[in-house]
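Asker: The structure follows.
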Amino acid sequence: MLQENIGRKAMLISMLSKDGFDPEAAEKLYKIEMQVTKHFEYGGVVPDYFELQDIEMGKEAKKVYWVSNTTESICPFCGEKSTELANEYYHKEIQDIPVNGMAVFHVCRVNKYKCRNPGCKHKIFTERTDGFCDEDARKTERFKKYCVLQAMQSNCHAAEQALKLEGAKVSNDTISRYAKAVAAKVIEESLRDNDVEIISVDDVNLRKGDKSSACTVFIDEKTHRVLIIIRGTNKEAVAQVLEKFTSSKIFSRDRASAYSSAATEANKTQVADRFHLIKNAQAAVKEALMSVIPARIFVREGDGSALNDDYFYVPDETVNKRVRLAKLTEKQEAKYRSTLKILELAGKGMRTADIAKSLGMNMMDVQRYRRVAVETLKSVDKKIEKNIAMMNSSQQQHFEKIATRNIKTIGPKAHPSSESIVEPFRETVTAMLKEGHSHRTIYPVLKEMGFDGCSNAIYQYIVKVRKENLEEARPNELEKPQDLNLESVTHGTVYRSILKEASKDRTKNGGKSDPRANGCNPLENDSEAKT
Ligand SMILES: [Zn+2]
């Protein structure tokens, strides 16, 4: 049975003695067992000069005990070799990569040596375990790398949580320190092999849109390798870095003046990179286009019955009818009429100032009306639709009511409508009924056509027609006039669609194998706030 905190050695030896082995043989077997375990579990991890002594399993941690069996060591202070053991020891506990949800600690006893170099200030030194763990380190080298790799996947806080789940005991501060140490090493190497020919710089915000997090990135233009990233984008910081790269003669940069003056001081030839050349050219084109294209462009649809083909124009008669159907208030009507006039004049190419002058409005109002023109027109269209639906429904209700009431007044012996003196005018009467007319408005029309009866005769005739065939006399529903169908787009949208069209041609004709052609094109990143 596995007991907690019982050592491997104690367990093995007690089992061997139960099995009849004498203590000496048990001890021998144990030593062999430790060598085998070291080979299979820690080979290549723990240096050969450590002898495995014992393994202890706790609740949350596994402790592995080691003893150094070296017979000589180099004094780290003077570099002289010593073979004289001081018979003193130093114990250190070093954390390794966790296993099976458990932290792993190597408890190492290392030797102390006497330094016999008379010129050395140190009489006794502790032997180093380079490669396994640094002097004073509490973690193995490979565990540190493991922490940094975890942090690179996400961040130091997330790495701490992930490692905790694996059983390790390490704080985010420590992980961050390891990551910085790795970064410092990379920079040191970049500075050491000083063979960079072209240095390229750009600024980048660590937090998107936050200028206070701005950094300058230095890149080897040939290998596209990041050489160093520094806080800030000021001249002094950039100049300091440029001093270190004496081999580079060419400095590739954007338009930032800080970079320019730093490079001038460092006596570098300055060039603009393609990304920024295109970006600047594109900015100039955009500026030019935007000054020509109006801020808002109106797009018309429809069959043109109320619209002129060349510009937006709605005849007065149509406007009056729409105002009436929409039942606009005085204020709404004024805005509607002004909006339509503004669209018409703007469509003819008139400038805002002239439109304002000719309509007796101020410029601000003209601009405001133009901005909400689509909404204004749509809201009137909606009102018309709603009112017509209401009018139709009440008209039909009214028709049903009077028709059924009047029909009752016709007796069973009454003559049919076909015998009436109004019968020759049947077509006109039913057509006018469908338009919603009554006997009072039909009478003058029939009289004009030669009818010589009285208005009441027409009334009786209508009631009979309704009785004989209700549908023939039912008024038609009012038809909703066609919407004015105005859409608008901003000039930004127009500009983007121009770029999109242009880029279609470009990919067809281009297809060069430049690696920067993909993903680095400022034309496609128009919306990103990159400076
Ligand atoms: Zn020494």
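Following the order of the structure tokens, first chain is A, next is B, and so on, with residues numbered from 1 inside each chain and ligands from 1 in the order they appear.
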Write as a PDB file with all heavy atoms, in the first residue's frame the residues around ligand 1, taking 8 Å as the cut-off and counting only C-alpha atoms and all ligand atoms.

Answerer:
ATOM      1  N   ILE A  74      35.370  24.390 -11.103  1.00  0.00           N
ATOM      2  CA  ILE A  74      36.053  25.638 -11.450  1.00  0.00           C
ATOM      3  C   ILE A  74      35.536  26.747 -10.536  1.00  0.00           C
ATOM      4  O   ILE A  74      34.327  26.920 -10.382  1.00  0.00           O
ATOM      5  CB  ILE A  74      35.753  26.036 -12.917  1.00  0.00           C
ATOM      6  CG1 ILE A  74      36.051  24.887 -13.888  1.00  0.00           C
ATOM      7  CG2 ILE A  74      36.468  27.326 -13.294  1.00  0.00           C
ATOM      8  CD1 ILE A  74      37.483  24.752 -14.306  1.00  0.00           C
ATOM      9  N   CYS A  75      36.450  27.493  -9.941  1.00  0.00           N
ATOM     10  CA  CYS A  75      36.037  28.625  -9.106  1.00  0.00           C
ATOM     11  C   CYS A  75      35.413  29.685 -10.002  1.00  0.00           C
ATOM     12  O   CYS A  75      36.042  30.149 -10.944  1.00  0.00           O
ATOM     13  CB  CYS A  75      37.242  29.203  -8.356  1.00  0.00           C
ATOM     14  SG  CYS A  75      36.847  30.758  -7.527  1.00  0.00           S
ATOM     15  N   PRO A  76      34.173  30.066  -9.740  1.00  0.00           N
ATOM     16  CA  PRO A  76      33.500  31.033 -10.612  1.00  0.00           C
ATOM     17  C   PRO A  76      34.070  32.446 -10.466  1.00  0.00           C
ATOM     18  O   PRO A  76      33.779  33.305 -11.289  1.00  0.00           O
ATOM     19  CB  PRO A  76      32.048  30.976 -10.133  1.00  0.00           C
ATOM     20  CG  PRO A  76      32.113  30.508  -8.734  1.00  0.00           C
ATOM     21  CD  PRO A  76      33.323  29.619  -8.632  1.00  0.00           C
ATOM     22  N   PHE A  77      34.871  32.679  -9.443  1.00  0.00           N
ATOM     23  CA  PHE A  77      35.390  34.035  -9.212  1.00  0.00           C
ATOM     24  C   PHE A  77      36.729  34.272  -9.892  1.00  0.00           C
ATOM     25  O   PHE A  77      36.998  35.364 -10.362  1.00  0.00           O
ATOM     26  CB  PHE A  77      35.499  34.303  -7.706  1.00  0.00           C
ATOM     27  CG  PHE A  77      34.193  34.057  -6.987  1.00  0.00           C
ATOM     28  CD1 PHE A  77      33.991  32.910  -6.223  1.00  0.00           C
ATOM     29  CD2 PHE A  77      33.143  34.970  -7.115  1.00  0.00           C
ATOM     30  CE1 PHE A  77      32.787  32.679  -5.585  1.00  0.00           C
ATOM     31  CE2 PHE A  77      31.937  34.734  -6.473  1.00  0.00           C
ATOM     32  CZ  PHE A  77      31.752  33.585  -5.706  1.00  0.00           C
ATOM     33  N   CYS A  78      37.589  33.205  -9.913  1.00  0.00           N
ATOM     34  CA  CYS A  78      38.905  33.407 -10.520  1.00  0.00           C
ATOM     35  C   CYS A  78      39.144  32.494 -11.714  1.00  0.00           C
ATOM     36  O   CYS A  78      40.086  32.689 -12.471  1.00  0.00           O
ATOM     37  CB  CYS A  78      40.007  33.199  -9.474  1.00  0.00           C
ATOM     38  SG  CYS A  78      40.102  31.495  -8.893  1.00  0.00           S
ATOM     39  N   GLY A  79      38.311  31.478 -11.883  1.00  0.00           N
ATOM     40  CA  GLY A  79      38.442  30.603 -13.046  1.00  0.00           C
ATOM     41  C   GLY A  79      39.411  29.456 -12.841  1.00  0.00           C
ATOM     42  O   GLY A  79      39.665  28.678 -13.757  1.00  0.00           O
ATOM     43  N   GLU A  80      39.970  29.316 -11.639  1.00  0.00           N
ATOM     44  CA  GLU A  80      40.904  28.214 -11.390  1.00  0.00           C
ATOM     45  C   GLU A  80      40.165  26.951 -10.974  1.00  0.00           C
ATOM     46  O   GLU A  80      39.160  27.013 -10.279  1.00  0.00           O
ATOM     47  CB  GLU A  80      41.876  28.614 -10.268  1.00  0.00           C
ATOM     48  CG  GLU A  80      42.981  29.505 -10.768  1.00  0.00           C
ATOM     49  CD  GLU A  80      44.357  29.042 -10.321  1.00  0.00           C
ATOM     50  OE1 GLU A  80      44.452  28.155  -9.430  1.00  0.00           O
ATOM     51  OE2 GLU A  80      45.327  29.572 -10.862  1.00  0.00           O
ATOM     52  N   CYS A 115      39.098  27.286  -2.713  1.00  0.00           N
ATOM     53  CA  CYS A 115      39.872  27.864  -3.805  1.00  0.00           C
ATOM     54  C   CYS A 115      41.275  28.139  -3.287  1.00  0.00           C
ATOM     55  O   CYS A 115      41.455  28.866  -2.312  1.00  0.00           O
ATOM     56  CB  CYS A 115      39.225  29.151  -4.316  1.00  0.00           C
ATOM     57  SG  CYS A 115      40.132  29.858  -5.706  1.00  0.00           S
ATOM     58  N   ARG A 116      42.267  27.524  -3.940  1.00  0.00           N
ATOM     59  CA  ARG A 116      43.647  27.667  -3.477  1.00  0.00           C
ATOM     60  C   ARG A 116      44.393  28.771  -4.207  1.00  0.00           C
ATOM     61  O   ARG A 116      45.588  28.949  -4.001  1.00  0.00           O
ATOM     62  CB  ARG A 116      44.384  26.326  -3.652  1.00  0.00           C
ATOM     63  CG  ARG A 116      43.965  25.261  -2.639  1.00  0.00           C
ATOM     64  CD  ARG A 116      44.168  25.750  -1.214  1.00  0.00           C
ATOM     65  NE  ARG A 116      43.875  24.707  -0.222  1.00  0.00           N
ATOM     66  CZ  ARG A 116      43.726  24.945   1.069  1.00  0.00           C
ATOM     67  NH1 ARG A 116      43.801  26.186   1.521  1.00  0.00           N
ATOM     68  NH2 ARG A 116      43.491  23.955   1.916  1.00  0.00           N
ATOM     69  N   ASN A 117      43.736  29.492  -5.083  1.00  0.00           N
ATOM     70  CA  ASN A 117      44.381  30.594  -5.810  1.00  0.00           C
ATOM     71  C   ASN A 117      44.631  31.744  -4.839  1.00  0.00           C
ATOM     72  O   ASN A 117      43.686  32.327  -4.307  1.00  0.00           O
ATOM     73  CB  ASN A 117      43.465  31.034  -6.958  1.00  0.00           C
ATOM     74  CG  ASN A 117      44.030  32.221  -7.720  1.00  0.00           C
ATOM     75  OD1 ASN A 117      45.152  32.672  -7.459  1.00  0.00           O
ATOM     76  ND2 ASN A 117      43.241  32.726  -8.651  1.00  0.00           N
ATOM     77  N   GLY A 119      45.500  34.690  -5.322  1.00  0.00           N
ATOM     78  CA  GLY A 119      44.983  35.979  -5.793  1.00  0.00           C
ATOM     79  C   GLY A 119      43.476  36.088  -5.699  1.00  0.00           C
ATOM     80  O   GLY A 119      42.902  37.141  -5.974  1.00  0.00           O
ATOM     81  N   CYS A 120      42.806  34.973  -5.323  1.00  0.00           N
ATOM     82  CA  CYS A 120      41.326  34.982  -5.298  1.00  0.00           C
ATOM     83  C   CYS A 120      40.827  35.385  -3.923  1.00  0.00           C
ATOM     84  O   CYS A 120      41.338  34.944  -2.906  1.00  0.00           O
ATOM     85  CB  CYS A 120      40.806  33.593  -5.672  1.00  0.00           C
ATOM     86  SG  CYS A 120      39.008  33.529  -5.766  1.00  0.00           S
ATOM     87  N   LYS A 121      39.837  36.252  -3.924  1.00  0.00           N
ATOM     88  CA  LYS A 121      39.289  36.734  -2.654  1.00  0.00           C
ATOM     89  C   LYS A 121      38.472  35.664  -1.950  1.00  0.00           C
ATOM     90  O   LYS A 121      38.221  35.743  -0.760  1.00  0.00           O
ATOM     91  CB  LYS A 121      38.375  37.936  -2.908  1.00  0.00           C
ATOM     92  CG  LYS A 121      39.126  39.242  -3.086  1.00  0.00           C
ATOM     93  CD  LYS A 121      38.108  40.364  -3.241  1.00  0.00           C
ATOM     94  CE  LYS A 121      38.784  41.657  -3.674  1.00  0.00           C
ATOM     95  NZ  LYS A 121      37.788  42.645  -4.090  1.00  0.00           N
ATOM     96  N   HIS A 122      38.000  34.677  -2.721  1.00  0.00           N
ATOM     97  CA  HIS A 122      37.079  33.689  -2.161  1.00  0.00           C
ATOM     98  C   HIS A 122      37.828  32.420  -1.776  1.00  0.00           C
ATOM     99  O   HIS A 122      38.482  31.811  -2.603  1.00  0.00           O
ATOM    100  CB  HIS A 122      35.970  33.370  -3.167  1.00  0.00           C
ATOM    101  CG  HIS A 122      35.139  34.569  -3.481  1.00  0.00           C
ATOM    102  ND1 HIS A 122      33.960  34.841  -2.850  1.00  0.00           N
ATOM    103  CD2 HIS A 122      35.350  35.602  -4.342  1.00  0.00           C
ATOM    104  CE1 HIS A 122      33.456  35.977  -3.318  1.00  0.00           C
ATOM    105  NE2 HIS A 122      34.296  36.465  -4.231  1.00  0.00           N
ATOM    106  N   LYS A 123      37.726  32.078  -0.512  1.00  0.00           N
ATOM    107  CA  LYS A 123      38.416  30.882  -0.040  1.00  0.00           C
ATOM    108  C   LYS A 123      37.574  29.641  -0.322  1.00  0.00           C
ATOM    109  O   LYS A 123      38.094  28.560  -0.546  1.00  0.00           O
ATOM    110  CB  LYS A 123      38.693  30.991   1.476  1.00  0.00           C
ATOM    111  CG  LYS A 123      39.575  32.164   1.835  1.00  0.00           C
ATOM    112  CD  LYS A 123      40.959  32.043   1.182  1.00  0.00           C
ATOM    113  CE  LYS A 123      41.652  33.403   1.110  1.00  0.00           C
ATOM    114  NZ  LYS A 123      42.355  33.605  -0.157  1.00  0.00           N
ATOM    115  N   ILE A 124      36.267  29.818  -0.267  1.00  0.00           N
ATOM    116  CA  ILE A 124      35.362  28.685  -0.492  1.00  0.00           C
ATOM    117  C   ILE A 124      34.297  29.102  -1.508  1.00  0.00           C
ATOM    118  O   ILE A 124      33.812  30.234  -1.473  1.00  0.00           O
ATOM    119  CB  ILE A 124      34.691  28.250   0.837  1.00  0.00           C
ATOM    120  CG1 ILE A 124      35.719  27.520   1.705  1.00  0.00           C
ATOM    121  CG2 ILE A 124      33.475  27.358   0.578  1.00  0.00           C
ATOM    122  CD1 ILE A 124      35.190  27.039   3.031  1.00  0.00           C
ATOM    123  N   PHE A 125      34.008  28.211  -2.434  1.00  0.00           N
ATOM    124  CA  PHE A 125      32.923  28.520  -3.385  1.00  0.00           C
ATOM    125  C   PHE A 125      32.010  27.312  -3.556  1.00  0.00           C
ATOM    126  O   PHE A 125      32.413  26.176  -3.297  1.00  0.00           O
ATOM    127  CB  PHE A 125      33.496  28.959  -4.738  1.00  0.00           C
ATOM    128  CG  PHE A 125      34.252  27.878  -5.467  1.00  0.00           C
ATOM    129  CD1 PHE A 125      33.584  27.012  -6.342  1.00  0.00           C
ATOM    130  CD2 PHE A 125      35.636  27.727  -5.291  1.00  0.00           C
ATOM    131  CE1 PHE A 125      34.283  26.028  -7.013  1.00  0.00           C
ATOM    132  CE2 PHE A 125      36.326  26.733  -5.967  1.00  0.00           C
ATOM    133  CZ  PHE A 125      35.662  25.876  -6.830  1.00  0.00           C
TER     134      PHE A 125
END

Asker: Quick one: everything within 12 Å of A:Lys335, counting only C-alpha atoms, minus sequence neighbours fewer than 4 positions away in the same chain. Send it as an mmCIF file with all heavy atoms, in the first residue's frame.

Answerer:
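Wrote part.cif, looks like this:
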data_model
loop_
_atom_site.group_PDB
_atom_site.id
_atom_site.type_symbol
_atom_site.label_atom_id
_atom_site.label_comp_id
_atom_site.auth_asym_id
_atom_site.auth_seq_id
_atom_site.Cartn_x
_atom_site.Cartn_y
_atom_site.Cartn_z
ATOM 1 N N VAL A 323 -48.959 65.686 -50.126
ATOM 2 C CA VAL A 323 -49.128 66.429 -48.873
ATOM 3 C C VAL A 323 -50.529 66.168 -48.315
ATOM 4 O O VAL A 323 -50.705 65.924 -47.123
ATOM 5 C CB VAL A 323 -48.901 67.938 -49.109
ATOM 6 C CG1 VAL A 323 -49.381 68.746 -47.905
ATOM 7 C CG2 VAL A 323 -47.427 68.219 -49.381
ATOM 8 N N LEU A 328 -50.132 66.078 -43.715
ATOM 9 C CA LEU A 328 -49.005 66.672 -42.995
ATOM 10 C C LEU A 328 -49.443 67.920 -42.239
ATOM 11 O O LEU A 328 -50.345 68.629 -42.674
ATOM 12 C CB LEU A 328 -47.893 67.054 -43.987
ATOM 13 C CG LEU A 328 -47.245 65.920 -44.769
ATOM 14 C CD1 LEU A 328 -46.157 66.475 -45.680
ATOM 15 C CD2 LEU A 328 -46.659 64.866 -43.841
ATOM 16 N N THR A 329 -48.762 68.168 -41.110
ATOM 17 C CA THR A 329 -48.992 69.436 -40.411
ATOM 18 C C THR A 329 -48.300 70.528 -41.226
ATOM 19 O O THR A 329 -47.490 70.237 -42.112
ATOM 20 C CB THR A 329 -48.379 69.416 -39.008
ATOM 21 O OG1 THR A 329 -46.964 69.287 -39.155
ATOM 22 C CG2 THR A 329 -48.901 68.256 -38.177
ATOM 23 N N GLU A 330 -48.585 71.762 -40.868
ATOM 24 C CA GLU A 330 -48.014 72.889 -41.606
ATOM 25 C C GLU A 330 -46.481 72.816 -41.604
ATOM 26 O O GLU A 330 -45.830 73.020 -42.618
ATOM 27 C CB GLU A 330 -48.471 74.183 -40.932
ATOM 28 C CG GLU A 330 -48.651 75.333 -41.908
ATOM 29 C CD GLU A 330 -49.324 76.510 -41.221
ATOM 30 O OE1 GLU A 330 -50.485 76.347 -40.776
ATOM 31 O OE2 GLU A 330 -48.672 77.556 -41.105
ATOM 32 N N LYS A 331 -45.950 72.490 -40.427
ATOM 33 C CA LYS A 331 -44.499 72.451 -40.263
ATOM 34 C C LYS A 331 -43.893 71.302 -41.090
ATOM 35 O O LYS A 331 -42.886 71.472 -41.778
ATOM 36 C CB LYS A 331 -44.185 72.230 -38.776
ATOM 37 C CG LYS A 331 -42.910 72.914 -38.318
ATOM 38 C CD LYS A 331 -42.802 72.825 -36.809
ATOM 39 C CE LYS A 331 -41.351 72.755 -36.391
ATOM 40 N NZ LYS A 331 -41.220 72.432 -34.968
ATOM 41 N N THR A 339 -37.377 70.164 -48.713
ATOM 42 C CA THR A 339 -36.471 69.047 -48.997
ATOM 43 C C THR A 339 -36.513 68.684 -50.479
ATOM 44 O O THR A 339 -35.471 68.524 -51.123
ATOM 45 C CB THR A 339 -36.856 67.824 -48.144
ATOM 46 O OG1 THR A 339 -36.808 68.186 -46.772
ATOM 47 C CG2 THR A 339 -35.910 66.665 -48.390
ATOM 48 N N LEU A 340 -37.737 68.578 -51.027
ATOM 49 C CA LEU A 340 -37.868 68.212 -52.440
ATOM 50 C C LEU A 340 -37.220 69.264 -53.336
ATOM 51 O O LEU A 340 -36.550 68.943 -54.314
ATOM 52 C CB LEU A 340 -39.351 68.042 -52.803
ATOM 53 C CG LEU A 340 -40.046 66.841 -52.149
ATOM 54 C CD1 LEU A 340 -41.543 66.853 -52.443
ATOM 55 C CD2 LEU A 340 -39.428 65.530 -52.633
ATOM 56 N N LYS A 341 -37.400 70.538 -52.967
ATOM 57 C CA LYS A 341 -36.807 71.624 -53.768
ATOM 58 C C LYS A 341 -35.282 71.561 -53.706
ATOM 59 O O LYS A 341 -34.592 71.726 -54.716
ATOM 60 C CB LYS A 341 -37.290 72.988 -53.238
ATOM 61 C CG LYS A 341 -38.566 73.476 -53.901
ATOM 62 C CD LYS A 341 -38.280 73.977 -55.319
ATOM 63 C CE LYS A 341 -39.574 74.275 -56.069
ATOM 64 N NZ LYS A 341 -39.682 73.598 -57.361
ATOM 65 N N ILE A 342 -34.769 71.313 -52.476
ATOM 66 C CA ILE A 342 -33.309 71.249 -52.298
ATOM 67 C C ILE A 342 -32.728 70.135 -53.164
ATOM 68 O O ILE A 342 -31.733 70.315 -53.859
ATOM 69 C CB ILE A 342 -32.950 71.021 -50.811
ATOM 70 C CG1 ILE A 342 -33.255 72.281 -50.008
ATOM 71 C CG2 ILE A 342 -31.484 70.637 -50.649
ATOM 72 C CD1 ILE A 342 -33.235 72.080 -48.506
ATOM 73 N N LEU A 359 -33.881 79.653 -52.093
ATOM 74 C CA LEU A 359 -35.050 79.207 -51.321
ATOM 75 C C LEU A 359 -35.291 80.093 -50.101
ATOM 76 O O LEU A 359 -36.224 79.857 -49.334
ATOM 77 C CB LEU A 359 -34.864 77.755 -50.866
ATOM 78 C CG LEU A 359 -34.782 76.692 -51.972
ATOM 79 C CD1 LEU A 359 -34.631 75.312 -51.359
ATOM 80 C CD2 LEU A 359 -36.006 76.738 -52.874
ATOM 81 N N MET A 361 -33.432 80.251 -47.460
ATOM 82 C CA MET A 361 -33.129 79.511 -46.226
ATOM 83 C C MET A 361 -31.692 79.814 -45.832
ATOM 84 O O MET A 361 -30.932 80.369 -46.626
ATOM 85 C CB MET A 361 -33.240 77.996 -46.476
ATOM 86 C CG MET A 361 -34.626 77.528 -46.832
ATOM 87 S SD MET A 361 -34.610 75.791 -47.318
ATOM 88 C CE MET A 361 -34.241 74.989 -45.772
ATOM 89 N N ASP A 365 -29.561 75.023 -42.497
ATOM 90 C CA ASP A 365 -30.821 74.295 -42.661
ATOM 91 C C ASP A 365 -30.806 73.472 -43.946
ATOM 92 O O ASP A 365 -31.285 72.340 -43.970
ATOM 93 C CB ASP A 365 -32.002 75.271 -42.677
ATOM 94 C CG ASP A 365 -32.338 75.742 -41.264
ATOM 95 O OD1 ASP A 365 -31.915 75.039 -40.319
ATOM 96 O OD2 ASP A 365 -32.996 76.786 -41.123
ATOM 97 N N VAL A 366 -30.241 74.059 -45.005
ATOM 98 C CA VAL A 366 -30.170 73.326 -46.279
ATOM 99 C C VAL A 366 -29.366 72.036 -46.086
ATOM 100 O O VAL A 366 -29.782 70.950 -46.490
ATOM 101 C CB VAL A 366 -29.530 74.203 -47.382
ATOM 102 C CG1 VAL A 366 -29.282 73.378 -48.640
ATOM 103 C CG2 VAL A 366 -30.424 75.394 -47.701
ATOM 104 N N ARG A 368 -28.794 70.474 -43.294
ATOM 105 C CA ARG A 368 -29.494 69.578 -42.375
ATOM 106 C C ARG A 368 -30.601 68.827 -43.124
ATOM 107 O O ARG A 368 -30.751 67.617 -42.985
ATOM 108 C CB ARG A 368 -30.091 70.403 -41.232
ATOM 109 C CG ARG A 368 -30.564 69.605 -40.042
ATOM 110 C CD ARG A 368 -30.713 70.520 -38.820
ATOM 111 N NE ARG A 368 -31.518 71.706 -39.115
ATOM 112 C CZ ARG A 368 -32.858 71.710 -39.085
ATOM 113 N NH1 ARG A 368 -33.514 70.628 -38.767
ATOM 114 N NH2 ARG A 368 -33.521 72.804 -39.362
ATOM 115 N N TYR A 369 -31.372 69.543 -43.942
ATOM 116 C CA TYR A 369 -32.457 68.915 -44.701
ATOM 117 C C TYR A 369 -31.919 67.866 -45.662
ATOM 118 O O TYR A 369 -32.504 66.810 -45.845
ATOM 119 C CB TYR A 369 -33.247 69.983 -45.483
ATOM 120 C CG TYR A 369 -34.258 70.741 -44.647
ATOM 121 C CD1 TYR A 369 -34.158 70.765 -43.260
ATOM 122 C CD2 TYR A 369 -35.316 71.435 -45.236
ATOM 123 C CE1 TYR A 369 -35.065 71.455 -42.493
ATOM 124 C CE2 TYR A 369 -36.240 72.127 -44.472
ATOM 125 C CZ TYR A 369 -36.106 72.146 -43.098
ATOM 126 O OH TYR A 369 -37.017 72.829 -42.346
ATOM 127 N N ARG A 370 -30.784 68.198 -46.287
ATOM 128 C CA ARG A 370 -30.175 67.251 -47.228
ATOM 129 C C ARG A 370 -29.750 65.977 -46.513
ATOM 130 O O ARG A 370 -29.924 64.876 -47.009
ATOM 131 C CB ARG A 370 -28.937 67.879 -47.870
ATOM 132 C CG ARG A 370 -29.157 68.383 -49.283
ATOM 133 C CD ARG A 370 -27.910 69.046 -49.800
ATOM 134 N NE ARG A 370 -26.884 68.084 -50.189
ATOM 135 C CZ ARG A 370 -26.844 67.497 -51.374
ATOM 136 N NH1 ARG A 370 -27.755 67.765 -52.279
ATOM 137 N NH2 ARG A 370 -25.897 66.637 -51.667
ATOM 138 N N VAL A 372 -30.985 64.570 -43.914
ATOM 139 C CA VAL A 372 -32.072 63.679 -43.503
ATOM 140 C C VAL A 372 -33.112 63.519 -44.614
ATOM 141 O O VAL A 372 -34.233 63.084 -44.363
ATOM 142 C CB VAL A 372 -32.747 64.179 -42.203
ATOM 143 C CG1 VAL A 372 -31.760 64.143 -41.057
ATOM 144 C CG2 VAL A 372 -33.327 65.567 -42.385
ATOM 145 N N ALA A 373 -32.733 63.866 -45.862
ATOM 146 C CA ALA A 373 -33.696 63.848 -46.969
ATOM 147 C C ALA A 373 -34.344 62.479 -47.145
ATOM 148 O O ALA A 373 -35.566 62.374 -47.300
ATOM 149 C CB ALA A 373 -33.003 64.280 -48.259
ATOM 150 N N GLU A 375 -34.792 60.111 -45.000
ATOM 151 C CA GLU A 375 -35.717 59.831 -43.899
ATOM 152 C C GLU A 375 -36.997 60.654 -44.047
ATOM 153 O O GLU A 375 -38.101 60.152 -43.817
ATOM 154 C CB GLU A 375 -35.051 60.142 -42.551
ATOM 155 C CG GLU A 375 -33.948 59.174 -42.142
ATOM 156 C CD GLU A 375 -32.634 59.410 -42.879
ATOM 157 O OE1 GLU A 375 -32.518 60.431 -43.605
ATOM 158 O OE2 GLU A 375 -31.723 58.568 -42.744
ATOM 159 N N THR A 376 -36.863 61.932 -44.431
ATOM 160 C CA THR A 376 -38.036 62.799 -44.592
ATOM 161 C C THR A 376 -38.982 62.212 -45.637
ATOM 162 O O THR A 376 -40.187 62.076 -45.404
ATOM 163 C CB THR A 376 -37.598 64.214 -45.037
ATOM 164 O OG1 THR A 376 -36.646 64.706 -44.107
ATOM 165 C CG2 THR A 376 -38.784 65.153 -45.107
ATOM 166 N N LEU A 377 -38.433 61.848 -46.792
ATOM 167 C CA LEU A 377 -39.266 61.313 -47.871
ATOM 168 C C LEU A 377 -39.905 59.990 -47.463
ATOM 169 O O LEU A 377 -41.082 59.744 -47.731
ATOM 170 C CB LEU A 377 -38.421 61.123 -49.142
ATOM 171 C CG LEU A 377 -38.475 62.279 -50.143
ATOM 172 C CD1 LEU A 377 -38.046 63.588 -49.501
ATOM 173 C CD2 LEU A 377 -37.615 61.990 -51.365
ATOM 174 N N SER A 379 -40.642 58.971 -44.476
ATOM 175 C CA SER A 379 -41.673 59.113 -43.447
ATOM 176 C C SER A 379 -42.981 59.587 -44.078
ATOM 177 O O SER A 379 -44.064 59.179 -43.661
ATOM 178 C CB SER A 379 -41.191 60.038 -42.329
ATOM 179 O OG SER A 379 -41.615 61.353 -42.549
ATOM 180 N N VAL A 380 -42.895 60.447 -45.118
ATOM 181 C CA VAL A 380 -44.116 60.889 -45.799
ATOM 182 C C VAL A 380 -44.741 59.711 -46.555
ATOM 183 O O VAL A 380 -45.954 59.501 -46.502
ATOM 184 C CB VAL A 380 -43.815 62.074 -46.750
ATOM 185 C CG1 VAL A 380 -45.028 62.390 -47.617
ATOM 186 C CG2 VAL A 380 -43.402 63.298 -45.946
#

Asker: Using only C-alpha atoms, which residues sit within 7 Å of A:Cys108 once same-chain residues fewer than 6 positions away are excluded, as a list in words?

Answerer: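 Using only C-alpha atoms, the neighbours found are Tyr65, Trp66, Val67, His91, Lys92 and Glu93 of chain A.
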
Asker: Pick out the closest residue to A:Val110 from this set: A:Ser73, A:Thr404, A:Asn320, A:Asn476. Count only C-alpha atoms.

Answerer: A:Ser73

Asker: What's around A:Asp136 at 12 Å? Count only C-alpha atoms, leave out sequence neighbours fewer than 4 positions away in its own chain, and write the answer as a VMD selection string.

Answerer: chain A and resid 90 to 94 126 to 130 132 140

Asker: Mind dumping the selected residues with C-alpha atoms as a PDB file, in the first residue's frame?

Answerer:
ATOM      1  CA  TYR A  90      24.745  23.678  -0.099  1.00  0.00           C
ATOM      2  CA  HIS A  91      21.149  22.450  -0.441  1.00  0.00           C
ATOM      3  CA  LYS A  92      18.848  23.913  -3.041  1.00  0.00           C
ATOM      4  CA  GLU A  93      15.323  23.095  -4.038  1.00  0.00           C
ATOM      5  CA  ILE A  94      14.659  23.541  -7.741  1.00  0.00           C
ATOM      6  CA  THR A 126      29.817  26.525  -4.219  1.00  0.00           C
ATOM      7  CA  GLU A 127      29.999  24.494  -7.402  1.00  0.00           C
ATOM      8  CA  ARG A 128      27.813  25.685 -10.304  1.00  0.00           C
ATOM      9  CA  THR A 129      25.188  23.607 -12.075  1.00  0.00           C
ATOM     10  CA  ASP A 130      25.089  25.487 -15.390  1.00  0.00           C
ATOM     11  CA  PHE A 132      20.467  22.590 -15.234  1.00  0.00           C
ATOM     12  CA  THR A 140      15.222  24.419 -13.811  1.00  0.00           C
TER      13      THR A 140
END

Asker: Pull the strand (DSSP E or B) assignments for stretch 187-315 of chain A out of DSSP run on the backbone, and list those residues as a ChimeraX atom specification.

Answerer: /A:198-205,214-220,225-231,250-253,269-272,296-300

Asker: Between atom CA of A:Val217 and atom CA of A:Ile229, measure the distance and give it in Å to one decimal.

Answerer: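 Between these atoms lies a distance of 4.5 Å.
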
Asker: Using only C-alpha atoms, which residues sit within 12 Å of A:Val182 once same-chain residues fewer than 2 positions away are excluded, as a PyMOL selection string?

Answerer: chain A and resi 141+144-149+151-152+175-180+184-189
